[in-house]
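This is upload.tsv (TSV, C-alpha atoms).
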chain	number	residue	atom	x	y	z
G	1	MET	CA	3.34	-18.19	-42.94
G	2	VAL	CA	5.52	-16.47	-40.37
G	3	ASN	CA	9.19	-16.88	-41.16
G	4	ARG	CA	12.45	-16.03	-39.44
G	5	VAL	CA	15.78	-15.99	-41.24
G	6	SER	CA	18.85	-16.85	-39.20
G	7	SER	CA	20.83	-13.94	-37.79
G	8	LEU	CA	23.36	-12.41	-40.14
G	9	MET	CA	26.39	-10.30	-39.22
G	10	LEU	CA	26.97	-7.00	-41.04
G	11	VAL	CA	30.34	-5.33	-40.44
G	12	GLY	CA	30.54	-1.52	-40.66
G	13	LEU	CA	33.53	0.37	-41.96
G	14	ALA	CA	34.35	2.19	-38.71
G	15	LEU	CA	37.34	1.23	-36.56
G	16	LEU	CA	36.68	-1.47	-33.97
G	17	SER	CA	39.03	-0.11	-31.32
G	18	VAL	CA	39.64	3.28	-29.76
G	19	PRO	CA	43.27	4.31	-29.24
G	20	ALA	CA	43.93	5.22	-25.61
G	21	CYS	CA	45.92	8.26	-26.68
G	22	LEU	CA	42.85	10.04	-28.12
G	23	PRO	CA	41.47	12.91	-26.03
G	24	ALA	CA	38.25	12.15	-24.13
G	25	PRO	CA	35.90	13.91	-26.61
G	26	ALA	CA	37.55	12.12	-29.53
G	27	GLN	CA	37.27	8.76	-27.73
G	28	GLN	CA	33.58	9.41	-27.08
G	29	ALA	CA	32.95	10.29	-30.76
G	30	ALA	CA	34.80	7.18	-31.88
G	31	GLN	CA	32.77	4.99	-29.52
G	32	ILE	CA	29.51	6.47	-30.82
G	33	SER	CA	30.59	5.76	-34.40
G	34	LEU	CA	30.92	2.08	-33.50
G	35	GLN	CA	27.14	1.77	-32.92
G	36	PRO	CA	25.53	-0.03	-35.86
G	37	ALA	CA	22.70	1.67	-37.75
G	38	LEU	CA	20.06	-0.49	-39.42
G	39	VAL	CA	18.80	0.81	-42.78
G	40	CYS	CA	16.20	-0.98	-44.92
G	41	SER	CA	15.07	-0.12	-48.42
G	42	PRO	CA	12.61	0.29	-49.94
G	43	ASN	CA	10.31	1.67	-47.23
G	44	SER	CA	7.33	-0.35	-48.47
G	45	LEU	CA	6.38	-2.99	-51.03
G	46	SER	CA	3.33	-3.03	-53.30
G	47	PHE	CA	1.95	-5.97	-55.27
G	48	THR	CA	-1.02	-6.35	-57.62
G	49	ALA	CA	-2.58	-9.70	-58.48
G	50	ARG	CA	-5.74	-11.01	-60.14
G	51	ALA	CA	-8.33	-13.07	-58.33
G	52	GLY	CA	-7.53	-16.71	-58.98
G	53	GLN	CA	-3.83	-16.06	-59.65
G	54	VAL	CA	-1.59	-18.86	-58.36
G	55	THR	CA	1.80	-17.51	-59.44
G	56	PRO	CA	3.79	-16.00	-56.53
G	57	MET	CA	5.42	-12.59	-56.90
G	58	GLU	CA	8.54	-11.29	-55.20
G	59	GLN	CA	10.55	-8.16	-54.51
G	60	VAL	CA	13.86	-7.60	-52.71
G	61	ILE	CA	14.49	-5.76	-49.45
G	62	ASN	CA	18.04	-4.48	-49.02
G	63	ILE	CA	19.47	-4.33	-45.50
G	64	SER	CA	22.64	-2.42	-44.66
G	65	ASN	CA	24.71	-1.16	-41.75
G	66	GLN	CA	25.16	2.61	-42.08
G	67	GLY	CA	26.95	2.87	-38.75
G	68	GLY	CA	29.91	1.05	-37.27
G	69	GLY	CA	30.60	-2.19	-35.47
G	70	MET	CA	28.78	-5.44	-36.08
G	71	LEU	CA	25.12	-5.68	-37.11
G	72	ALA	CA	23.28	-8.93	-36.40
G	73	TRP	CA	19.70	-8.94	-37.66
G	74	THR	CA	16.65	-11.18	-37.89
G	75	ILE	CA	13.62	-10.82	-40.13
G	76	SER	CA	10.02	-12.01	-39.81
G	77	ASP	CA	6.54	-11.47	-41.29
G	78	ASN	CA	3.07	-11.55	-39.78
G	79	VAL	CA	0.70	-13.01	-42.40
G	80	ARG	CA	0.43	-16.34	-44.19
G	81	TRP	CA	0.64	-14.93	-47.72
G	82	ILE	CA	4.12	-13.44	-47.18
G	83	GLU	CA	7.31	-15.53	-47.07
G	84	VAL	CA	10.77	-14.04	-46.58
G	85	LYS	CA	13.80	-15.80	-48.04
G	86	GLN	CA	17.51	-14.95	-47.99
G	87	ALA	CA	18.77	-13.74	-51.36
G	88	THR	CA	21.58	-15.92	-52.71
G	89	SER	CA	23.55	-12.85	-53.82
G	90	SER	CA	23.84	-11.36	-50.31
G	91	ASP	CA	27.26	-10.10	-49.25
G	92	MET	CA	27.13	-10.97	-45.59
G	93	LEU	CA	30.19	-8.86	-44.74
G	94	GLN	CA	28.78	-5.46	-45.75
G	95	ALA	CA	25.14	-5.85	-46.78
G	96	GLY	CA	22.24	-8.24	-46.83
G	97	ALA	CA	19.17	-8.80	-48.96
G	98	VAL	CA	16.03	-10.85	-48.57
G	99	ARG	CA	13.35	-11.83	-51.06
G	100	ALA	CA	9.80	-10.99	-50.03
G	101	VAL	CA	7.57	-13.56	-51.74
G	102	VAL	CA	3.81	-12.92	-51.93
G	103	ASP	CA	1.45	-15.80	-52.75
G	104	PRO	CA	-2.08	-14.61	-53.73
G	105	ALA	CA	-3.47	-18.13	-54.31
G	106	GLY	CA	-6.94	-18.55	-52.86
G	107	MET	CA	-7.32	-14.88	-51.87
G	108	ALA	CA	-10.54	-13.03	-52.65
G	109	ALA	CA	-10.56	-9.68	-54.41
G	110	GLY	CA	-9.66	-6.83	-52.07
G	111	ASP	CA	-6.82	-4.92	-50.44
G	112	TYR	CA	-4.50	-6.62	-47.94
G	113	THR	CA	-1.67	-5.36	-45.73
G	114	GLY	CA	1.15	-7.23	-44.01
G	115	ILE	CA	4.32	-6.22	-42.19
G	116	ILE	CA	7.89	-7.44	-42.57
G	117	THR	CA	10.00	-6.60	-39.53
G	118	ILE	CA	13.80	-6.46	-39.43
G	119	THR	CA	15.28	-6.34	-35.92
G	120	SER	CA	18.85	-5.76	-34.71
G	121	GLU	CA	19.36	-5.49	-30.97
G	122	GLY	CA	21.24	-2.34	-29.97
G	123	ALA	CA	21.27	-0.83	-33.47
G	124	LEU	CA	19.97	2.57	-34.41
G	125	GLY	CA	16.82	2.36	-36.54
G	126	SER	CA	15.77	-0.99	-35.09
G	127	PRO	CA	13.22	-2.41	-35.53
G	128	CYS	CA	12.67	-1.54	-39.19
G	129	HIS	CA	9.09	-2.13	-40.40
G	130	VAL	CA	8.37	-2.59	-44.11
G	131	PRO	CA	4.63	-2.62	-44.89
G	132	VAL	CA	3.54	-4.90	-47.72
G	133	PHE	CA	0.44	-3.89	-49.70
G	134	LEU	CA	-1.38	-6.41	-51.89
G	135	ASN	CA	-4.28	-5.57	-54.18
G	136	VAL	CA	-6.18	-8.55	-55.55
G	137	ALA	CA	-8.31	-7.33	-58.47
G	138	SER	CA	-11.54	-9.04	-59.43
G	139	LEU	CA	-11.71	-10.91	-62.72
G	140	ALA	CA	-12.72	-8.68	-65.62
G	141	ILE	CA	-15.44	-10.20	-67.79
G	142	GLY	CA	-15.28	-8.04	-70.89
G	143	PRO	CA	-15.69	-4.28	-70.98
G	144	ALA	CA	-18.61	-3.06	-68.91
G	145	VAL	CA	-20.16	0.16	-70.16
G	146	ILE	CA	-23.28	1.39	-68.39
G	147	GLN	CA	-25.36	3.87	-70.31
G	148	MET	CA	-27.65	6.03	-68.18
G	149	PRO	CA	-30.87	6.97	-69.97
G	150	GLN	CA	-30.92	10.66	-70.78
G	151	GLN	CA	-34.00	12.71	-70.05
G	152	ASP	CA	-35.58	13.98	-73.27
G	153	SER	CA	-37.81	16.65	-71.74
G	154	PRO	CA	-36.49	19.57	-69.67
G	155	PRO	CA	-36.45	18.98	-65.93
G	156	GLY	CA	-38.82	20.81	-63.62
G	157	ASP	CA	-38.12	23.69	-61.28
G	158	THR	CA	-37.29	21.20	-58.55
G	159	ALA	CA	-33.94	20.63	-60.32
G	160	VAL	CA	-32.91	24.18	-59.39
G	161	ILE	CA	-31.98	25.10	-55.82
G	162	TRP	CA	-32.03	28.85	-55.21
G	163	LYS	CA	-30.86	30.50	-52.02
G	164	ASN	CA	-31.32	34.28	-52.11
G	165	ASP	CA	-31.21	37.25	-49.77
G	166	ASN	CA	-31.59	40.96	-50.55
G	167	VAL	CA	-30.90	44.20	-48.71
G	168	PHE	CA	-32.30	47.62	-49.63
G	169	ILE	CA	-29.56	50.22	-50.08
G	170	GLN	CA	-30.23	53.96	-50.34
G	171	TYR	CA	-27.39	56.36	-51.07
G	172	ALA	CA	-28.01	59.91	-52.33
G	173	ASP	CA	-30.36	59.45	-55.29
G	174	THR	CA	-29.55	55.77	-55.71
G	175	ASN	CA	-31.91	53.05	-54.54
G	176	CYS	CA	-31.08	49.40	-55.15
G	177	CYS	CA	-31.61	45.92	-53.80
G	178	MET	CA	-28.35	44.11	-53.14
G	179	VAL	CA	-29.24	40.49	-53.90
G	180	SER	CA	-26.86	37.63	-53.04
G	181	GLY	CA	-27.00	33.88	-52.73
G	182	SER	CA	-26.40	30.73	-54.75
G	183	ILE	CA	-28.02	28.76	-57.57
G	184	THR	CA	-27.48	25.03	-58.07
G	185	ASN	CA	-28.38	22.95	-61.11
G	186	THR	CA	-29.09	19.48	-59.72
G	187	ASP	CA	-29.92	17.86	-63.07
G	188	LYS	CA	-27.49	15.36	-64.64
G	189	TRP	CA	-28.00	16.16	-68.32
G	190	TRP	CA	-29.54	19.59	-68.87
G	191	TYR	CA	-27.86	23.01	-68.68
G	192	LEU	CA	-29.30	26.26	-67.40
G	193	SER	CA	-28.86	29.29	-69.67
G	194	LYS	CA	-29.47	33.03	-69.34
G	195	VAL	CA	-29.77	32.81	-65.57
G	196	THR	CA	-30.97	36.20	-64.29
G	197	ILE	CA	-32.37	37.85	-61.17
G	198	THR	CA	-35.24	40.20	-62.01
G	199	GLY	CA	-36.91	42.95	-59.96
G	200	SER	CA	-39.53	45.63	-60.64
G	201	ARG	CA	-37.01	48.17	-62.00
G	202	GLY	CA	-34.30	46.02	-63.52
G	203	MET	CA	-32.46	42.75	-63.78
G	204	ALA	CA	-28.97	41.28	-63.35
G	205	LEU	CA	-27.37	38.51	-65.39
G	206	ILE	CA	-25.96	35.79	-63.11
G	207	ALA	CA	-24.61	33.31	-65.68
G	208	GLU	CA	-24.80	32.63	-69.40
G	209	THR	CA	-24.72	28.89	-68.66
G	210	LEU	CA	-24.78	26.72	-65.57
G	211	PRO	CA	-23.64	23.11	-66.24
G	212	PRO	CA	-25.34	20.07	-64.70
G	213	GLY	CA	-24.44	19.44	-61.08
G	214	GLU	CA	-22.73	22.82	-60.54
G	215	THR	CA	-23.35	25.79	-58.23
G	216	ILE	CA	-22.77	29.49	-58.83
G	217	ILE	CA	-22.51	32.09	-56.06
G	218	TYR	CA	-23.59	35.64	-56.91
G	219	SER	CA	-23.92	39.16	-55.52
G	220	ARG	CA	-25.63	41.82	-57.65
G	221	CYS	CA	-27.30	45.22	-57.27
G	222	ILE	CA	-30.71	45.70	-58.91
G	223	PRO	CA	-32.42	49.14	-59.13
G	224	CYS	CA	-35.56	49.25	-56.99
G	225	TYR	CA	-37.84	51.61	-55.03
G	226	GLN	CA	-37.59	49.67	-51.77
G	227	ARG	CA	-36.73	46.21	-50.56
G	228	GLU	CA	-38.81	43.86	-52.66
G	229	ASP	CA	-39.11	40.28	-53.77
G	230	VAL	CA	-37.06	39.36	-56.84
G	231	LYS	CA	-37.45	36.36	-59.10
G	232	LEU	CA	-35.11	33.92	-60.81
G	233	THR	CA	-35.45	33.36	-64.55
G	234	TYR	CA	-33.63	30.84	-66.76
G	235	MET	CA	-33.98	28.48	-69.72
G	236	TRP	CA	-33.09	24.81	-70.09
G	237	PHE	CA	-30.98	23.42	-72.92
G	238	LYS	CA	-29.13	20.20	-73.68
G	239	PRO	CA	-26.08	20.12	-76.03
What does the file become when written as structure tokens?
Amino acid sequence: MVNRVSSLMLVGLALLSVPACLPAPAQQAAQISLQPALVCSPNSLSFTARAGQVTPMEQVINISNQGGGMLAWTISDNVRWIEVKQATSSDMLQAGAVRAVVDPAGMAAGDYTGIITITSEGALGSPCHVPVFLNVASLAIGPAVIQMPQQDSPPGDTAVIWKNDNVFIQYADTNCCMVSGSITNTDKWWYLSKVTITGSRGMALIAETLPPGETIIYSRCIPCYQREDVKLTYMWFKP
């Protein structure tokens, strides 16, 4: 339901007249101070309801004039589930307040957004938009715990993704294959252990353990005669 509250007058604390005897710059500063400034708080409103709830909820928006002169403002909303009402405790001389009432009756579970707009013609900060967020949660029917069946036998080699590259390096009397790449354990339950890269003249330990669903990036030097193929070795275990 779109609502509009009648215009209210907010009076600032600045002087309403400028003495003629003030110098021109002082007169200009005094005139600027007479311009009203619209300030709304809070900047947004958030509500949470349950599907099927019929009890309305409300929060308060405070409206003030942080400038000078007179502030006349109007307020409206843009969705049927928001209603704005003037708060009975409003001090119309210096400040105003409105109640934002949200009615979730008949709304399906989901997230909803509306806008409350406060407008004051000629005022700084106008219009002031206050978004209203409403989350309607689905009805909970007891605790739901889903147990995924665990695999009793170790997974196959297809659960390991290995990307490897090697470069032959020769320096003085040192020959080695610089191997680098990544290893990913795609299984959900089993761990990899003692992950190594092995060549004809040596090996390099990559990781003691590699948890399920994780990737390790490596770069190691393995003694070799020339650039050669290396192999990945590992064992499976489950805690």
Non-local contacts of Asn135 in chain G (9 Å; all atoms listed in the file; under 6 positions in same chain excluded) as a list in words
Ser46, Phe47, Thr48, Ala49, Arg50, Ala109, Gly110, Asp111, Tyr112 and Thr113 of chain G
Enter the distance from CA of Thr186 in chain G to CA of Pro212 in chain G, in Å, rounded to one decimal.
6.3 Å
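Between CA of Lys85 in chain G and CA of Ser126 in chain G there is a distance of 19.8 Å.
The gap separating CA of Arg220 in chain G from CA of Met178 in chain G is 5.7 Å, in Å to one decimal.
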Minimum-distance residue to Ser180 in chain G, chosen among G:Glu208, G:Ile216, G:Ile161, G:Gly202 (using all atoms listed in the file):
G:Ile216
Can you pull out every residue within 9 Å of Pro127 in chain G, counting all atoms listed in the file, but drop anything in the same chain fewer than 4 positions away, and send it as a list of chain:residue names?
G:Leu38, G:Thr117, G:Ile118, G:Thr119, G:Ser120, G:Glu121, G:Ala123
Closest to Gln59 in chain G among G:Ile222, G:Ala100, G:Cys40, G:Ala105, using only C-alpha atoms?
G:Ala100
Around the point (22.6, -3.6, -32.9) (coordinates from the file), which residues reach within 12 Å if we count all atoms listed in the file? Answer as a PyMOL selection string.
chain G and resi 7-12+34-39+64-74+118-128
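Taking all atoms listed in the file into account, Leu45 in chain G lies nearest to G:Gly114 out of the set G:Gly213, G:Pro239, G:Gly156, G:Gly114.
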Pick out the residues sitting within 9 Å of Gln53 in chain G, and hand them over as JSON, numbers by chain; count all atoms listed in the file, and ignore anything fewer than 4 positions along from it in its own chain.
{"G": [49, 103, 104, 105, 106, 107, 136]}
For the residues in the current selection, export C-alpha atoms as a JSON list (two decimals), in the frame of the given file.
[["chain", "number", "residue", "atom", "x", "y", "z"],
["G", 49, "ALA", "CA", -2.58, -9.70, -58.48],
["G", 103, "ASP", "CA", 1.45, -15.80, -52.75],
["G", 104, "PRO", "CA", -2.08, -14.61, -53.73],
["G", 105, "ALA", "CA", -3.47, -18.13, -54.31],
["G", 106, "GLY", "CA", -6.94, -18.55, -52.86],
["G", 107, "MET", "CA", -7.32, -14.88, -51.87],
["G", 136, "VAL", "CA", -6.18, -8.55, -55.55]]
Start from the incomplete input, build N, CA and C atoms for range 189-222 of chain G, and deliver everything as an mmCIF file, keeping the file's coordinate frame.
data_model
loop_
_atom_site.group_PDB
_atom_site.id
_atom_site.type_symbol
_atom_site.label_atom_id
_atom_site.label_comp_id
_atom_site.auth_asym_id
_atom_site.auth_seq_id
_atom_site.Cartn_x
_atom_site.Cartn_y
_atom_site.Cartn_z
ATOM 1 N N TRP G 189 -28.182 16.078 -66.880
ATOM 2 C CA TRP G 189 -28.000 16.160 -68.320
ATOM 3 C C TRP G 189 -28.221 17.561 -68.882
ATOM 4 N N TRP G 190 -29.141 18.307 -68.311
ATOM 5 C CA TRP G 190 -29.540 19.590 -68.870
ATOM 6 C C TRP G 190 -28.763 20.749 -68.265
ATOM 7 N N TYR G 191 -28.534 21.787 -69.098
ATOM 8 C CA TYR G 191 -27.860 23.010 -68.680
ATOM 9 C C TYR G 191 -28.894 24.102 -68.425
ATOM 10 N N LEU G 192 -28.544 25.030 -67.536
ATOM 11 C CA LEU G 192 -29.300 26.260 -67.400
ATOM 12 C C LEU G 192 -28.626 27.332 -68.256
ATOM 13 N N SER G 193 -29.436 28.197 -68.883
ATOM 14 C CA SER G 193 -28.860 29.290 -69.670
ATOM 15 C C SER G 193 -29.603 30.586 -69.345
ATOM 16 N N LYS G 194 -28.900 31.701 -69.581
ATOM 17 C CA LYS G 194 -29.470 33.030 -69.340
ATOM 18 C C LYS G 194 -30.086 33.116 -67.946
ATOM 19 N N VAL G 195 -29.289 32.784 -66.949
ATOM 20 C CA VAL G 195 -29.770 32.810 -65.570
ATOM 21 C C VAL G 195 -29.740 34.260 -65.082
ATOM 22 N N THR G 196 -30.882 34.799 -64.705
ATOM 23 C CA THR G 196 -30.970 36.200 -64.290
ATOM 24 C C THR G 196 -31.794 36.341 -63.014
ATOM 25 N N ILE G 197 -31.547 37.443 -62.300
ATOM 26 C CA ILE G 197 -32.370 37.850 -61.170
ATOM 27 C C ILE G 197 -33.113 39.108 -61.613
ATOM 28 N N THR G 198 -34.429 39.112 -61.477
ATOM 29 C CA THR G 198 -35.240 40.200 -62.010
ATOM 30 C C THR G 198 -36.064 40.839 -60.900
ATOM 31 N N GLY G 199 -36.074 42.189 -60.882
ATOM 32 C CA GLY G 199 -36.910 42.950 -59.960
ATOM 33 C C GLY G 199 -37.850 43.858 -60.721
ATOM 34 N N SER G 200 -38.533 44.765 -60.001
ATOM 35 C CA SER G 200 -39.530 45.630 -60.640
ATOM 36 C C SER G 200 -38.902 46.706 -61.512
ATOM 37 N N ARG G 201 -37.644 47.086 -61.241
ATOM 38 C CA ARG G 201 -37.010 48.170 -62.000
ATOM 39 C C ARG G 201 -35.796 47.719 -62.802
ATOM 40 N N GLY G 202 -35.476 46.447 -62.756
ATOM 41 C CA GLY G 202 -34.300 46.020 -63.520
ATOM 42 C C GLY G 202 -33.985 44.560 -63.292
ATOM 43 N N MET G 203 -32.870 44.145 -63.878
ATOM 44 C CA MET G 203 -32.460 42.750 -63.780
ATOM 45 C C MET G 203 -30.945 42.676 -63.761
ATOM 46 N N ALA G 204 -30.416 41.515 -63.359
ATOM 47 C CA ALA G 204 -28.970 41.280 -63.350
ATOM 48 C C ALA G 204 -28.696 39.889 -63.888
ATOM 49 N N LEU G 205 -27.759 39.806 -64.837
ATOM 50 C CA LEU G 205 -27.370 38.510 -65.390
ATOM 51 C C LEU G 205 -26.443 37.794 -64.404
ATOM 52 N N ILE G 206 -26.775 36.579 -64.047
ATOM 53 C CA ILE G 206 -25.960 35.790 -63.110
ATOM 54 C C ILE G 206 -24.998 34.877 -63.855
ATOM 55 N N ALA G 207 -25.481 34.209 -64.912
ATOM 56 C CA ALA G 207 -24.610 33.310 -65.680
ATOM 57 C C ALA G 207 -25.217 33.070 -67.052
ATOM 58 N N GLU G 208 -24.334 33.009 -68.062
ATOM 59 C CA GLU G 208 -24.800 32.630 -69.400
ATOM 60 C C GLU G 208 -25.198 31.167 -69.420
ATOM 61 N N THR G 209 -24.408 30.322 -68.761
ATOM 62 C CA THR G 209 -24.720 28.890 -68.660
ATOM 63 C C THR G 209 -24.348 28.386 -67.282
ATOM 64 N N LEU G 210 -25.071 27.394 -66.841
ATOM 65 C CA LEU G 210 -24.780 26.720 -65.570
ATOM 66 C C LEU G 210 -24.834 25.213 -65.836
ATOM 67 N N PRO G 211 -23.671 24.541 -65.882
ATOM 68 C CA PRO G 211 -23.640 23.110 -66.240
ATOM 69 C C PRO G 211 -24.350 22.235 -65.215
ATOM 70 N N PRO G 212 -24.697 21.007 -65.620
ATOM 71 C CA PRO G 212 -25.340 20.070 -64.700
ATOM 72 C C PRO G 212 -24.469 19.806 -63.465
ATOM 73 N N GLY G 213 -25.125 19.795 -62.316
ATOM 74 C CA GLY G 213 -24.440 19.440 -61.080
ATOM 75 C C GLY G 213 -23.572 20.531 -60.488
ATOM 76 N N GLU G 214 -23.605 21.759 -61.031
ATOM 77 C CA GLU G 214 -22.730 22.820 -60.540
ATOM 78 C C GLU G 214 -23.515 23.927 -59.838
ATOM 79 N N THR G 215 -22.782 24.687 -59.012
ATOM 80 C CA THR G 215 -23.350 25.790 -58.230
ATOM 81 C C THR G 215 -22.629 27.077 -58.579
ATOM 82 N N ILE G 216 -23.374 28.176 -58.645
ATOM 83 C CA ILE G 216 -22.770 29.490 -58.830
ATOM 84 C C ILE G 216 -23.190 30.382 -57.669
ATOM 85 N N ILE G 217 -22.244 31.159 -57.145
ATOM 86 C CA ILE G 217 -22.510 32.090 -56.060
ATOM 87 C C ILE G 217 -22.487 33.497 -56.641
ATOM 88 N N TYR G 218 -23.465 34.331 -56.272
ATOM 89 C CA TYR G 218 -23.590 35.640 -56.910
ATOM 90 C C TYR G 218 -23.832 36.736 -55.866
ATOM 91 N N SER G 219 -23.579 37.967 -56.287
ATOM 92 C CA SER G 219 -23.920 39.160 -55.520
ATOM 93 C C SER G 219 -24.103 40.289 -56.530
ATOM 94 N N ARG G 220 -25.327 40.821 -56.633
ATOM 95 C CA ARG G 220 -25.630 41.820 -57.650
ATOM 96 C C ARG G 220 -26.506 42.936 -57.042
ATOM 97 N N CYS G 221 -26.464 44.096 -57.679
ATOM 98 C CA CYS G 221 -27.300 45.220 -57.270
ATOM 99 C C CYS G 221 -28.341 45.493 -58.349
ATOM 100 N N ILE G 222 -29.622 45.487 -57.963
ATOM 101 C CA ILE G 222 -30.710 45.700 -58.910
ATOM 102 C C ILE G 222 -31.444 46.983 -58.512
#
